[in-house]
Amino acid sequence: MTQVQQAPTPTGQSGRLPLSGLLALAAGGFITIMLETMPAGILPAISGDLGISESAAGQTVTIFAIGSIVGAIPLISATMGWPRRRLLLLALAGYAVTSVVTGLSGYFALTLAARFVAGLFAGVLWAIIAPYARRMAAPHQQGKALTIALAGTPIALAIGTPVGTLLADLIGWRATFGVMTLLAGLVIVWVLAAVPDFPGQAKGERTPVGRVFAIPGVVPVLLVVFLYVMAHNVLYTYIASFLAPVGLDGNVSAVLLVFGVASLASIWITGILIDRHLRLLMISSTALFALAVLALGLLASLPVVVFLSAALWGLAFGGAASLLQTAASNAAGDAVDTVQPVIVTGWNIGIAGGGVVGGLLLGGLGASSLAWGTLVLLVVALLITIAGRRHAFPAHRG
C-alpha cells in the first residue's frame with residue numbers, strides 16, 4: 001500500500017517565490033536540452049571517432065527524442081506514487097550515467113543505447129517539472145513559477161548549445177560529455193539543498209491516462225502544442241536551407257543569435273503577465289509567430305526583414321512552453337500529474353513531425369515552401385486557440 005507523506009507548505013504561499021528551487025529545476029531543463037542538441041554541433045567529430053557517417057551520427061539526436069516520446073507516459077504512470085524529488089533525482093542521475101557511457105563508448109550501438117536511455121530520463125524530467133514548479137508556488141504565482149522553471153530551455157538553445165559546441169572543439173567531444181556528467185552532479189546537490197519533496201499520488205487519487213482526453217480543454221491545448229511545435233521545427237530545423245537560396249547562408253549563426261536573445265526577452269515578459277493574461281499571451285504568441293513567417297515568405301531576400309522576423313519569432317516562441325504547459329495544467333485540474341507526460345509526448349511528436357514535414361517540403365517544393373507550410377500550421381493553431389475561450393485558453397482562470 002502506498003504511503004502518502006504530508007506535503008510541505010510551498011514557499012510561495014508566504015508571497016515569495018522559492019527562486020533557488022525553481023532555478024534548480026531550470027538547471028535540470030538546461031542540461032536536458034544541452035544533452036539533446038549538443039551532438040548536432042559536433043557530428044563530424046563523433047562520426048570520425050566512431051567510424052560512421054555524419055548522417056548516422058545524427059541519429060544520436062533522433063534516438064534521444066524517440067526515448068522521450070516512448071518513455072514519458074509509461075514511466076510517469078509507473079512512478080505516480082513515488083515522492084517527486086526521488087524521481088527528479090533519478091532523472092538527473094540517469095543523465096550523469098548515460099553521459100559517462102556516451103563519452104567512453106567506442107561502439108555506435110552502445111552510444112545509441114545510452115542516448116535512448118538518456119531520452120527516457122528526459123521524458124520523465126519534462127513531465128514532472130511543470131507540476132513540481134506549480135506545487136512550489138501559491139496559486140496566483142503558478143504561471144510565473146512555471147516560467148522560471150522552464151527558462152532553461154530557451155537559455156540552452158540561445159547560448160548553451162553553441163557553448164557546448166565550442167567546448168567540444170577545445171577539449172574534445174568525449175570530455176564535453178564528462179563536463180555534462182559533472183554539471184548533472186552539481187544540479188543533484190542543488191536539488192537536494194533547495195527543492196522541497198512532495199508526495200506522489202495514492203492509487204485512488206490517480207487519473208488514468210486515457211481519461212485526461214475527456215477533460216474539457218485538454219485536447220485543444222494538446223492540438224495547439226502539436227501544431228505550434230511542429231511549425232517551429234519545420235523552420236528551425238531547416239533554417240540554413242531556407243536562408244541559402246537568398247544568399248544568407250553565411251548569416252545563420254547571427255539569425256539564430258537574434259532569435260535566442262529575443263527568446264530570453266520573451267521569458268521575462270511571459271513571467272510578468274502569464275498569471276493574469278494567459279489567453280492574450282497565447283493568441284499574441286501564435287499571431288506574432290505567423291506574422292514573422294509571413295514576412296519571411298514574402299521578403300526573405302531582404303536581410304533586414306530576415307533579422308526582424310527572427311526577433312519576432314523569438315519573442316513569440318520564448319514563453320510558449322510556459323504558456324502551453326500552464327494552459328494544460330489549468331485545464332487538467334487535479335489530473336495535472338497525468339496530463340503533463342501527455343503534453344511532453346505531444347511536444348516531442350511535434351519536434352519529430354516538424355523534421356519530417358520540413359524535409360518533405362524542402363525536397364518536394366523547395367526552400368521557400370518552408371515558410372508557407374509553417375504559416376498553415378500556425379493559422380490552424382491560432383484558430384484553435386481563439387476558439388478555446390471556455391476551457392482551453394479562458395480569459396480568466398476559474
# chains A, B, ... in the order shown; residues from 1 in each chain; ligands from 1

$ residues_around --residues "Asp197 (chain A)" --least-positions-apart "4" --cutoff "7 Å" --atoms "only C-alpha atoms" --output "ChimeraX atom specification"
/A:83-85

$ select_by_dssp --residues "region 165-245 of chain A" --states "helix (DSSP H, G or I)" --output "PyMOL selection string"
chain A and resi 165-171+173-194+203-205+209-212+218-237+239-245

$ closest_atom_pairs --of "region 159-269 of chain A" --to "region 125-142 of chain A" --cutoff "12 Å" --atoms "only C-alpha atoms" --output "CSV"
residue,atom,partner,partner_atom,distance
A:Ala194,CA,A:Met136,CA,11.1
A:Val195,CA,A:Met136,CA,8.6
A:Pro196,CA,A:Met136,CA,7.8
A:Asp197,CA,A:Tyr132,CA,9.2
A:Phe198,CA,A:Tyr132,CA,8.2
A:Pro199,CA,A:Tyr132,CA,10.6
A:Gly200,CA,A:Tyr132,CA,10.9

$ closest_residue --among "A:Gly119, A:Gly48, A:Gly28, A:Gly81" --to "Asn348 (chain A)" --atoms "only C-alpha atoms"
A:Gly119

$ closest_residue --among "A:Gly354, A:Pro162, A:Pro341, A:Gly67" --to "Leu256 (chain A)" --atoms "only C-alpha atoms"
A:Pro162

$ residues_around --residues "region 212-222 of chain A" --least-positions-apart "4" --cutoff "8 Å" --atoms "only C-alpha atoms" --output "PyMOL selection string"
chain A and resi 207-208+226+324+327-328+331-332+335+338-339+343+346+384-385+388+390-393

$ write_last_selection --atoms "C-alpha atoms" --output "PDB file, in the first residue's frame"
ATOM      1  CA  THR A 207      -6.416   9.777 -13.129  1.00  0.00           C
ATOM      2  CA  PRO A 208      -5.892   7.127 -15.847  1.00  0.00           C
ATOM      3  CA  PHE A 226       1.493  19.697 -31.545  1.00  0.00           C
ATOM      4  CA  LEU A 324       1.083  25.841 -23.152  1.00  0.00           C
ATOM      5  CA  ALA A 327      -2.895  26.084 -20.023  1.00  0.00           C
ATOM      6  CA  ALA A 328      -2.733  22.286 -19.915  1.00  0.00           C
ATOM      7  CA  ALA A 331      -7.449  22.616 -17.776  1.00  0.00           C
ATOM      8  CA  ALA A 332      -6.424  19.325 -16.155  1.00  0.00           C
ATOM      9  CA  ALA A 335      -5.119  15.418 -13.118  1.00  0.00           C
ATOM     10  CA  THR A 338      -1.198  12.716 -15.559  1.00  0.00           C
ATOM     11  CA  VAL A 339      -1.659  15.314 -18.279  1.00  0.00           C
ATOM     12  CA  ILE A 343       1.817  17.121 -23.266  1.00  0.00           C
ATOM     13  CA  GLY A 346       2.789  15.659 -27.961  1.00  0.00           C
ATOM     14  CA  ILE A 384      -7.998  26.544 -32.113  1.00  0.00           C
ATOM     15  CA  THR A 385      -6.582  28.933 -29.513  1.00  0.00           C
ATOM     16  CA  GLY A 388     -10.832  27.626 -26.801  1.00  0.00           C
ATOM     17  CA  ARG A 390     -14.115  28.465 -22.339  1.00  0.00           C
ATOM     18  CA  HIS A 391     -11.813  25.671 -21.142  1.00  0.00           C
ATOM     19  CA  ALA A 392      -8.508  25.548 -23.048  1.00  0.00           C
ATOM     20  CA  PHE A 393      -7.472  29.190 -23.085  1.00  0.00           C
TER      21      PHE A 393
END

$ closest_residue --among "A:Thr60, A:Leu150, A:Leu248, A:Gly353" --to "Ser47 (chain A)" --atoms "only C-alpha atoms"
A:Thr60

$ residues_around --residues "region 30-41 of chain A" --least-positions-apart "5" --cutoff "8 Å" --atoms "only C-alpha atoms" --output "PDB file with all heavy atoms, in the first residue's frame"
ATOM      1  N   ILE A  46      32.134  13.163 -33.876  1.00  0.00           N
ATOM      2  CA  ILE A  46      31.553  11.886 -33.447  1.00  0.00           C
ATOM      3  C   ILE A  46      31.691  10.840 -34.556  1.00  0.00           C
ATOM      4  O   ILE A  46      32.087   9.698 -34.309  1.00  0.00           O
ATOM      5  CB  ILE A  46      30.075  12.064 -33.051  1.00  0.00           C
ATOM      6  CG1 ILE A  46      29.951  12.951 -31.813  1.00  0.00           C
ATOM      7  CG2 ILE A  46      29.424  10.712 -32.780  1.00  0.00           C
ATOM      8  CD1 ILE A  46      28.512  13.263 -31.417  1.00  0.00           C
ATOM      9  N   GLY A  58      24.072  11.636 -36.764  1.00  0.00           N
ATOM     10  CA  GLY A  58      22.906  12.481 -36.493  1.00  0.00           C
ATOM     11  C   GLY A  58      21.776  11.741 -35.807  1.00  0.00           C
ATOM     12  O   GLY A  58      20.919  12.352 -35.157  1.00  0.00           O
ATOM     13  N   THR A  60      22.005  10.115 -33.235  1.00  0.00           N
ATOM     14  CA  THR A  60      22.136  10.243 -31.785  1.00  0.00           C
ATOM     15  C   THR A  60      21.188  11.306 -31.240  1.00  0.00           C
ATOM     16  O   THR A  60      20.817  11.266 -30.067  1.00  0.00           O
ATOM     17  CB  THR A  60      23.587  10.604 -31.396  1.00  0.00           C
ATOM     18  OG1 THR A  60      23.968  11.821 -32.038  1.00  0.00           O
ATOM     19  CG2 THR A  60      24.547   9.493 -31.797  1.00  0.00           C
ATOM     20  N   VAL A  61      20.816  12.256 -32.100  1.00  0.00           N
ATOM     21  CA  VAL A  61      19.811  13.256 -31.716  1.00  0.00           C
ATOM     22  C   VAL A  61      18.415  12.651 -31.838  1.00  0.00           C
ATOM     23  O   VAL A  61      17.569  12.792 -30.957  1.00  0.00           O
ATOM     24  CB  VAL A  61      19.930  14.524 -32.583  1.00  0.00           C
ATOM     25  CG1 VAL A  61      18.847  15.538 -32.202  1.00  0.00           C
ATOM     26  CG2 VAL A  61      21.313  15.138 -32.429  1.00  0.00           C
ATOM     27  N   PHE A  64      17.444  10.130 -29.061  1.00  0.00           N
ATOM     28  CA  PHE A  64      17.152  10.811 -27.801  1.00  0.00           C
ATOM     29  C   PHE A  64      15.677  11.245 -27.776  1.00  0.00           C
ATOM     30  O   PHE A  64      14.969  11.025 -26.784  1.00  0.00           O
ATOM     31  CB  PHE A  64      18.078  12.020 -27.644  1.00  0.00           C
ATOM     32  CG  PHE A  64      18.041  12.683 -26.294  1.00  0.00           C
ATOM     33  CD1 PHE A  64      19.068  12.477 -25.380  1.00  0.00           C
ATOM     34  CD2 PHE A  64      17.015  13.543 -25.938  1.00  0.00           C
ATOM     35  CE1 PHE A  64      19.060  13.101 -24.136  1.00  0.00           C
ATOM     36  CE2 PHE A  64      16.986  14.172 -24.703  1.00  0.00           C
ATOM     37  CZ  PHE A  64      18.012  13.953 -23.794  1.00  0.00           C
ATOM     38  N   ALA A  65      15.222  11.865 -28.869  1.00  0.00           N
ATOM     39  CA  ALA A  65      13.823  12.310 -28.953  1.00  0.00           C
ATOM     40  C   ALA A  65      12.867  11.125 -28.907  1.00  0.00           C
ATOM     41  O   ALA A  65      11.812  11.189 -28.265  1.00  0.00           O
ATOM     42  CB  ALA A  65      13.604  13.119 -30.233  1.00  0.00           C
ATOM     43  N   GLY A 119      17.192   9.759 -23.278  1.00  0.00           N
ATOM     44  CA  GLY A 119      15.906  10.300 -23.716  1.00  0.00           C
ATOM     45  C   GLY A 119      14.754   9.863 -22.826  1.00  0.00           C
ATOM     46  O   GLY A 119      13.828  10.633 -22.566  1.00  0.00           O
ATOM     47  N   ALA A 122      14.843  12.047 -19.960  1.00  0.00           N
ATOM     48  CA  ALA A 122      14.378  13.378 -20.353  1.00  0.00           C
ATOM     49  C   ALA A 122      12.855  13.443 -20.366  1.00  0.00           C
ATOM     50  O   ALA A 122      12.255  14.436 -19.931  1.00  0.00           O
ATOM     51  CB  ALA A 122      14.929  13.740 -21.732  1.00  0.00           C
ATOM     52  N   ALA A 151      12.775  28.082 -17.907  1.00  0.00           N
ATOM     53  CA  ALA A 151      13.675  29.030 -18.571  1.00  0.00           C
ATOM     54  C   ALA A 151      14.939  28.364 -19.089  1.00  0.00           C
ATOM     55  O   ALA A 151      15.608  28.901 -19.975  1.00  0.00           O
ATOM     56  CB  ALA A 151      14.044  30.158 -17.611  1.00  0.00           C
ATOM     57  N   GLY A 152      15.274  27.191 -18.569  1.00  0.00           N
ATOM     58  CA  GLY A 152      16.483  26.517 -19.024  1.00  0.00           C
ATOM     59  C   GLY A 152      16.457  26.152 -20.491  1.00  0.00           C
ATOM     60  O   GLY A 152      17.510  26.096 -21.145  1.00  0.00           O
ATOM     61  N   THR A 153      15.265  25.921 -21.043  1.00  0.00           N
ATOM     62  CA  THR A 153      15.160  25.510 -22.451  1.00  0.00           C
ATOM     63  C   THR A 153      15.616  26.604 -23.413  1.00  0.00           C
ATOM     64  O   THR A 153      16.542  26.383 -24.204  1.00  0.00           O
ATOM     65  CB  THR A 153      13.726  25.068 -22.772  1.00  0.00           C
ATOM     66  OG1 THR A 153      13.403  23.921 -21.989  1.00  0.00           O
ATOM     67  CG2 THR A 153      13.576  24.739 -24.246  1.00  0.00           C
ATOM     68  N   ILE A 155      17.322  29.263 -22.779  1.00  0.00           N
ATOM     69  CA  ILE A 155      18.697  29.658 -22.470  1.00  0.00           C
ATOM     70  C   ILE A 155      19.671  28.671 -23.107  1.00  0.00           C
ATOM     71  O   ILE A 155      20.685  29.063 -23.697  1.00  0.00           O
ATOM     72  CB  ILE A 155      18.918  29.736 -20.949  1.00  0.00           C
ATOM     73  CG1 ILE A 155      18.121  30.909 -20.365  1.00  0.00           C
ATOM     74  CG2 ILE A 155      20.396  29.902 -20.621  1.00  0.00           C
ATOM     75  CD1 ILE A 155      18.155  30.993 -18.867  1.00  0.00           C
ATOM     76  N   ALA A 156      19.351  27.379 -23.028  1.00  0.00           N
ATOM     77  CA  ALA A 156      20.208  26.366 -23.645  1.00  0.00           C
ATOM     78  C   ALA A 156      20.232  26.518 -25.161  1.00  0.00           C
ATOM     79  O   ALA A 156      21.289  26.389 -25.798  1.00  0.00           O
ATOM     80  CB  ALA A 156      19.735  24.968 -23.260  1.00  0.00           C
ATOM     81  N   LEU A 157      19.065  26.801 -25.748  1.00  0.00           N
ATOM     82  CA  LEU A 157      19.005  26.975 -27.200  1.00  0.00           C
ATOM     83  C   LEU A 157      19.762  28.222 -27.646  1.00  0.00           C
ATOM     84  O   LEU A 157      20.389  28.239 -28.706  1.00  0.00           O
ATOM     85  CB  LEU A 157      17.547  27.060 -27.661  1.00  0.00           C
ATOM     86  CG  LEU A 157      16.733  25.771 -27.563  1.00  0.00           C
ATOM     87  CD1 LEU A 157      15.274  26.045 -27.886  1.00  0.00           C
ATOM     88  CD2 LEU A 157      17.286  24.704 -28.496  1.00  0.00           C
ATOM     89  N   GLY A 160      23.552  27.854 -24.610  1.00  0.00           N
ATOM     90  CA  GLY A 160      24.117  26.611 -24.100  1.00  0.00           C
ATOM     91  C   GLY A 160      24.678  25.721 -25.181  1.00  0.00           C
ATOM     92  O   GLY A 160      25.822  25.245 -25.088  1.00  0.00           O
ATOM     93  N   THR A 161      23.900  25.494 -26.229  1.00  0.00           N
ATOM     94  CA  THR A 161      24.345  24.601 -27.294  1.00  0.00           C
ATOM     95  C   THR A 161      25.564  25.141 -28.036  1.00  0.00           C
ATOM     96  O   THR A 161      26.525  24.403 -28.283  1.00  0.00           O
ATOM     97  CB  THR A 161      23.180  24.317 -28.268  1.00  0.00           C
ATOM     98  OG1 THR A 161      22.089  23.740 -27.530  1.00  0.00           O
ATOM     99  CG2 THR A 161      23.611  23.358 -29.361  1.00  0.00           C
ATOM    100  N   PRO A 162      25.586  26.441 -28.410  1.00  0.00           N
ATOM    101  CA  PRO A 162      26.816  26.961 -29.034  1.00  0.00           C
ATOM    102  C   PRO A 162      28.040  26.859 -28.118  1.00  0.00           C
ATOM    103  O   PRO A 162      29.138  26.541 -28.584  1.00  0.00           O
ATOM    104  CB  PRO A 162      26.459  28.433 -29.307  1.00  0.00           C
ATOM    105  CG  PRO A 162      24.980  28.447 -29.430  1.00  0.00           C
ATOM    106  CD  PRO A 162      24.497  27.422 -28.444  1.00  0.00           C
ATOM    107  N   GLY A 164      28.476  24.609 -25.781  1.00  0.00           N
ATOM    108  CA  GLY A 164      28.836  23.195 -25.752  1.00  0.00           C
ATOM    109  C   GLY A 164      29.640  22.796 -26.972  1.00  0.00           C
ATOM    110  O   GLY A 164      30.611  22.019 -26.880  1.00  0.00           O
ATOM    111  N   THR A 165      29.255  23.323 -28.139  1.00  0.00           N
ATOM    112  CA  THR A 165      29.987  23.035 -29.372  1.00  0.00           C
ATOM    113  C   THR A 165      31.404  23.597 -29.302  1.00  0.00           C
ATOM    114  O   THR A 165      32.380  22.938 -29.698  1.00  0.00           O
ATOM    115  CB  THR A 165      29.247  23.629 -30.582  1.00  0.00           C
ATOM    116  OG1 THR A 165      27.918  23.084 -30.629  1.00  0.00           O
ATOM    117  CG2 THR A 165      29.967  23.303 -31.878  1.00  0.00           C
ATOM    118  N   MET A 180      29.261  17.371 -18.850  1.00  0.00           N
ATOM    119  CA  MET A 180      27.819  17.251 -18.615  1.00  0.00           C
ATOM    120  C   MET A 180      27.532  16.362 -17.402  1.00  0.00           C
ATOM    121  O   MET A 180      26.601  16.621 -16.640  1.00  0.00           O
ATOM    122  CB  MET A 180      27.133  16.684 -19.864  1.00  0.00           C
ATOM    123  CG  MET A 180      27.231  17.570 -21.097  1.00  0.00           C
ATOM    124  SD  MET A 180      26.681  19.269 -20.807  1.00  0.00           S
ATOM    125  CE  MET A 180      24.975  18.986 -20.351  1.00  0.00           C
ATOM    126  N   LEU A 183      28.117  18.585 -14.423  1.00  0.00           N
ATOM    127  CA  LEU A 183      27.000  19.517 -14.261  1.00  0.00           C
ATOM    128  C   LEU A 183      25.784  18.817 -13.655  1.00  0.00           C
ATOM    129  O   LEU A 183      25.105  19.367 -12.780  1.00  0.00           O
ATOM    130  CB  LEU A 183      26.640  20.145 -15.604  1.00  0.00           C
ATOM    131  CG  LEU A 183      27.629  21.164 -16.181  1.00  0.00           C
ATOM    132  CD1 LEU A 183      27.145  21.643 -17.545  1.00  0.00           C
ATOM    133  CD2 LEU A 183      27.795  22.340 -15.242  1.00  0.00           C
ATOM    134  N   ALA A 184      25.487  17.601 -14.125  1.00  0.00           N
ATOM    135  CA  ALA A 184      24.365  16.853 -13.578  1.00  0.00           C
ATOM    136  C   ALA A 184      24.573  16.596 -12.082  1.00  0.00           C
ATOM    137  O   ALA A 184      23.643  16.700 -11.278  1.00  0.00           O
ATOM    138  CB  ALA A 184      24.182  15.536 -14.327  1.00  0.00           C
TER     139      ALA A 184
END

$ closest_residue --among "A:Leu243, A:Val336, A:Ala109, A:Leu92" --to "Ala300 (chain A)" --atoms "only C-alpha atoms"
A:Leu243

$ residues_around --residues "Trp372 (chain A)" --least-positions-apart "3" --cutoff "10 Å" --atoms "only C-alpha atoms" --output "list of chain:residue names"
A:Leu235, A:Ala290, A:Val293, A:Leu294, A:Leu296, A:Gly297, A:Leu298, A:Leu361, A:Ala367, A:Ser368, A:Ser369, A:Leu375, A:Val376, A:Leu377, A:Leu378

$ closest_residue --among "A:Val255, A:Leu25, A:Ile66, A:Ala93" --to "Val304 (chain A)" --atoms "only C-alpha atoms"
A:Val255

$ residues_around --residues "region 265-275 of chain A" --least-positions-apart "6" --cutoff "9 Å" --atoms "only C-alpha atoms" --output "list in words"
Pro139, His140, Gln141, Gln142, Gly143, Lys144, Ala145, Leu146, Thr147, Ile148, Ala151, Pro154, Leu281, Gly314, Leu315, Ala316, Phe317, Gly318, Gly319, Ala320, Ser322, Leu323, Thr326 and Arg397 of chain A

$ residues_around --residues "Leu23 (chain A)" --least-positions-apart "4" --cutoff "8 Å" --atoms "only C-alpha atoms" --output "ChimeraX atom specification"
/A:19,27,148-149

$ write_last_selection --atoms "N, CA and C atoms" --output "short mmCIF file (atom, residue, chain, number, x, y, z; two decimals), in the first residue's frame"
data_model
loop_
_atom_site.label_atom_id
_atom_site.label_comp_id
_atom_site.auth_asym_id
_atom_site.auth_seq_id
_atom_site.Cartn_x
_atom_site.Cartn_y
_atom_site.Cartn_z
N LEU A 19 12.89 30.96 -5.35
CA LEU A 19 13.70 31.12 -6.55
C LEU A 19 14.80 30.08 -6.66
N ALA A 27 17.80 24.53 -14.15
CA ALA A 27 19.11 23.98 -14.47
C ALA A 27 18.98 22.55 -14.99
N ILE A 148 9.79 30.40 -14.78
CA ILE A 148 11.17 30.34 -14.27
C ILE A 148 11.72 28.93 -14.41
N ALA A 149 10.93 27.93 -14.04
CA ALA A 149 11.40 26.54 -14.07
C ALA A 149 11.69 26.06 -15.48
#

$ closest_residue --among "A:Ile386, A:Val356, A:Ile52, A:Leu370" --to "Ser284 (chain A)" --atoms "only C-alpha atoms"
A:Ile386

$ atom_distance --atom1 "CA of Thr345 (chain A)" --atom2 "CA of Ile69 (chain A)"
5.0 Å

$ atom_distance --atom1 "CA of Trp313 (chain A)" --atom2 "CA of Phe259 (chain A)"
6.6 Å

$ atom_distance --atom1 "CA of Trp347 (chain A)" --atom2 "CA of Val225 (chain A)"
6.1 Å
